[in-house]
Amino acid sequence: MTALARIIAVVAGIACLLLAGAELVREAALAVDAGVRWPASTRWAELTGEPTWGATGLAAAAVAIAAVLLVLAFRQVGAGDGPEIIQFAVDDGTARLSVPALGKALRRRFQSMLAGSQVTDVKVRKVDAGWSVRLEATVPVCDLADVHAAMLEAFRDDMRRVAGIDIVRLDLVVTSMRAPARRAR
C-alpha cells in the first residue's frame, strides 16, 4: 500500500472517530436530561425526504467514498500473497525462479543444516528492502540465536549466489522444541 493510501485511510479513520464521538456526546446528553432538545441536522431530512438531484448525488458520493475506504482498509489488513515468480537478469537475458520452489529449497536447506528438525511451513514474500522469509519448524533443543544467525547467513549466501536476491529478514517460528532421542540401553 502506498503512502498516499495510508494517509487517506488514517484521515478517514480519524474523521469517522470524530463523527462517532459527536454522536456519542449527543446521545449521552439526551440520555442524561430528557428536557434537552438537540434536533438532528436538516441534511438528514433532505436525504430522506423527497429526492432531489443534489441529495441523490450527495448520497452517491458518500457511498462511493465509504466503498473506497472499505477497499483500502481490506487491502491494508490483507497484504496478499505477493509475486509467484522472481525474474532476474543473467548474462544472456533473464531467468525466472518460482517462489514456491524457493520455499522448498529453503525448507530442504534448513533441515539439512539442523539435523532432527522438521519444517512445517515456509513463506517467502517481497518487502521494501528485499525479501523476507518466515519459517515454522519443530527443532531439537539448541541455541536458537545461533541457529537463526547461521540460517540467515546461509539463506542470504545461497539466494545471492543463485538468484541475486537479498534476504533481509528471517522469522524463525519454533512450534515445538524436543530433546534429542536417547539411545536404548
# chains A, B, ... in the order shown; residues from 1 in each chain; ligands from 1
>>> residues_around(residues="Lys123 in chain A", least_positions_apart="3", cutoff="7 Å", atoms="only C-alpha atoms", output="PyMOL selection string")
chain A and resi 103+133-135
>>> write_last_selection(atoms="C-alpha atoms", output="PDB file, in the first residue's frame")
ATOM      1  CA  GLY A 103      10.403 -22.054  -0.320  1.00  0.00           C
ATOM      2  CA  VAL A 133      11.354 -15.489   4.908  1.00  0.00           C
ATOM      3  CA  ARG A 134       9.066 -16.866   7.627  1.00  0.00           C
ATOM      4  CA  LEU A 135       9.891 -20.441   8.573  1.00  0.00           C
TER       5      LEU A 135
END
>>> residues_around(residues="range 4-7 of chain A", least_positions_apart="5", cutoff="12 Å", atoms="only C-alpha atoms", output="NGL selection string")
:A and (12-14 or 68-77)
>>> write_last_selection(atoms="C-alpha atoms", output="compact mmCIF listing (two decimals), in the first residue's frame")
# COMPACT_ATOMS: atom_id res chain seq x y z
CA ALA A 12 -10.80 8.73 7.02
CA GLY A 13 -10.43 6.79 10.25
CA ILE A 14 -9.94 9.98 12.27
CA VAL A 68 -13.19 3.23 -1.39
CA LEU A 69 -12.29 3.46 2.30
CA LEU A 70 -13.54 -0.08 2.88
CA VAL A 71 -11.42 -1.39 0.00
CA LEU A 72 -8.36 0.48 1.34
CA ALA A 73 -8.95 -0.97 4.81
CA PHE A 74 -9.16 -4.53 3.47
CA ARG A 75 -6.02 -4.03 1.39
CA GLN A 76 -4.20 -2.76 4.46
CA VAL A 77 -5.25 -5.73 6.60
>>> residues_around(residues="Thr120 in chain A", least_positions_apart="4", cutoff="12 Å", atoms="only C-alpha atoms", output="number ranges by chain")
A: 103-104, 106-108, 110-111, 134-139, 172-176
>>> select_by_dssp(residues="range 39-184 of chain A", states="alpha helix (DSSP H)", output="JSON, numbers by chain")
{"A": [42, 43, 44, 45, 46, 47, 48, 53, 54, 55, 56, 57, 58, 59, 60, 61, 62, 63, 64, 65, 66, 67, 68, 69, 70, 71, 72, 73, 74, 75, 76, 77, 99, 100, 101, 102, 103, 104, 105, 106, 107, 108, 109, 110, 111, 112, 113, 144, 145, 146, 147, 148, 149, 150, 151, 152, 153, 154, 155, 156, 157, 158, 159, 160, 161, 162, 163]}
>>> select_by_dssp(residues="range 64-178 of chain A", states="strand (DSSP E or B)", output="PyMOL selection string")
chain A and resi 85-90+93-98+118-127+130-140+167-178
>>> residues_around(residues="His148 in chain A", least_positions_apart="5", cutoff="9 Å", atoms="only C-alpha atoms", output="PDB file with C-alpha atoms, in the first residue's frame")
ATOM      1  CA  ASP A 143      20.634 -22.310  20.916  1.00  0.00           C
ATOM      2  CA  GLU A 153      23.655 -16.169   6.661  1.00  0.00           C
ATOM      3  CA  LEU A 170      14.267 -14.328   8.648  1.00  0.00           C
ATOM      4  CA  ASP A 171      11.452 -15.027  11.093  1.00  0.00           C
ATOM      5  CA  LEU A 172      12.132 -18.385  12.702  1.00  0.00           C
TER       6      LEU A 172
END
>>> residues_around(residues="Arg169 in chain A", least_positions_apart="5", cutoff="10 Å", atoms="only C-alpha atoms", output="VMD selection string")
chain A and resid 127 129 to 134 152 156
>>> atom_distance(atom1="CA of Ala60 in chain A", atom2="CA of Leu17 in chain A")
21.6 Å
>>> decode(residues="range 10-25 of chain A", atoms="N, CA, C and O atoms", output="PDB file, in the first residue's frame")
ATOM      1  N   VAL A  10      -5.875   6.815   7.162  1.00  0.00           N
ATOM      2  CA  VAL A  10      -5.755   7.394   8.507  1.00  0.00           C
ATOM      3  C   VAL A  10      -6.687   8.593   8.663  1.00  0.00           C
ATOM      4  O   VAL A  10      -7.392   8.725   9.673  1.00  0.00           O
ATOM      5  N   VAL A  11      -6.720   9.471   7.670  1.00  0.00           N
ATOM      6  CA  VAL A  11      -7.595  10.647   7.732  1.00  0.00           C
ATOM      7  C   VAL A  11      -9.057  10.209   7.789  1.00  0.00           C
ATOM      8  O   VAL A  11      -9.851  10.747   8.575  1.00  0.00           O
ATOM      9  N   ALA A  12      -9.415   9.227   6.994  1.00  0.00           N
ATOM     10  CA  ALA A  12     -10.799   8.731   7.019  1.00  0.00           C
ATOM     11  C   ALA A  12     -11.129   8.110   8.375  1.00  0.00           C
ATOM     12  O   ALA A  12     -12.235   8.303   8.904  1.00  0.00           O
ATOM     13  N   GLY A  13     -10.197   7.380   8.930  1.00  0.00           N
ATOM     14  CA  GLY A  13     -10.432   6.788  10.252  1.00  0.00           C
ATOM     15  C   GLY A  13     -10.611   7.846  11.322  1.00  0.00           C
ATOM     16  O   GLY A  13     -11.490   7.731  12.177  1.00  0.00           O
ATOM     17  N   ILE A  14      -9.808   8.893  11.288  1.00  0.00           N
ATOM     18  CA  ILE A  14      -9.939   9.977  12.266  1.00  0.00           C
ATOM     19  C   ILE A  14     -11.278  10.685  12.094  1.00  0.00           C
ATOM     20  O   ILE A  14     -11.963  10.998  13.073  1.00  0.00           O
ATOM     21  N   ALA A  15     -11.678  10.919  10.841  1.00  0.00           N
ATOM     22  CA  ALA A  15     -12.969  11.566  10.585  1.00  0.00           C
ATOM     23  C   ALA A  15     -14.118  10.705  11.120  1.00  0.00           C
ATOM     24  O   ALA A  15     -15.053  11.228  11.748  1.00  0.00           O
ATOM     25  N   CYS A  16     -14.046   9.412  10.889  1.00  0.00           N
ATOM     26  CA  CYS A  16     -15.090   8.516  11.409  1.00  0.00           C
ATOM     27  C   CYS A  16     -15.109   8.515  12.935  1.00  0.00           C
ATOM     28  O   CYS A  16     -16.183   8.496  13.545  1.00  0.00           O
ATOM     29  N   LEU A  17     -13.943   8.528  13.561  1.00  0.00           N
ATOM     30  CA  LEU A  17     -13.887   8.585  15.022  1.00  0.00           C
ATOM     31  C   LEU A  17     -14.501   9.881  15.549  1.00  0.00           C
ATOM     32  O   LEU A  17     -15.221   9.878  16.554  1.00  0.00           O
ATOM     33  N   LEU A  18     -14.225  11.008  14.886  1.00  0.00           N
ATOM     34  CA  LEU A  18     -14.796  12.283  15.309  1.00  0.00           C
ATOM     35  C   LEU A  18     -16.317  12.283  15.173  1.00  0.00           C
ATOM     36  O   LEU A  18     -17.032  12.748  16.073  1.00  0.00           O
ATOM     37  N   LEU A  19     -16.824  11.756  14.066  1.00  0.00           N
ATOM     38  CA  LEU A  19     -18.270  11.682  13.876  1.00  0.00           C
ATOM     39  C   LEU A  19     -18.917  10.758  14.913  1.00  0.00           C
ATOM     40  O   LEU A  19     -19.969  11.078  15.470  1.00  0.00           O
ATOM     41  N   ALA A  20     -18.301   9.632  15.164  1.00  0.00           N
ATOM     42  CA  ALA A  20     -18.838   8.706  16.168  1.00  0.00           C
ATOM     43  C   ALA A  20     -18.786   9.331  17.555  1.00  0.00           C
ATOM     44  O   ALA A  20     -19.715   9.167  18.355  1.00  0.00           O
ATOM     45  N   GLY A  21     -17.721  10.071  17.860  1.00  0.00           N
ATOM     46  CA  GLY A  21     -17.627  10.750  19.166  1.00  0.00           C
ATOM     47  C   GLY A  21     -18.690  11.819  19.312  1.00  0.00           C
ATOM     48  O   GLY A  21     -19.302  11.958  20.391  1.00  0.00           O
ATOM     49  N   ALA A  22     -18.957  12.577  18.255  1.00  0.00           N
ATOM     50  CA  ALA A  22     -20.012  13.599  18.317  1.00  0.00           C
ATOM     51  C   ALA A  22     -21.371  12.949  18.545  1.00  0.00           C
ATOM     52  O   ALA A  22     -22.182  13.448  19.336  1.00  0.00           O
ATOM     53  N   GLU A  23     -21.618  11.839  17.879  1.00  0.00           N
ATOM     54  CA  GLU A  23     -22.894  11.141  18.072  1.00  0.00           C
ATOM     55  C   GLU A  23     -22.998  10.581  19.487  1.00  0.00           C
ATOM     56  O   GLU A  23     -24.065  10.617  20.105  1.00  0.00           O
ATOM     57  N   LEU A  24     -21.895  10.107  20.043  1.00  0.00           N
ATOM     58  CA  LEU A  24     -21.892   9.598  21.416  1.00  0.00           C
ATOM     59  C   LEU A  24     -22.205  10.713  22.405  1.00  0.00           C
ATOM     60  O   LEU A  24     -22.999  10.529  23.333  1.00  0.00           O
ATOM     61  N   VAL A  25     -21.612  11.877  22.220  1.00  0.00           N
ATOM     62  CA  VAL A  25     -21.875  13.025  23.093  1.00  0.00           C
ATOM     63  C   VAL A  25     -23.340  13.428  22.996  1.00  0.00           C
ATOM     64  O   VAL A  25     -23.999  13.700  24.007  1.00  0.00           O
TER      65      VAL A  25
END
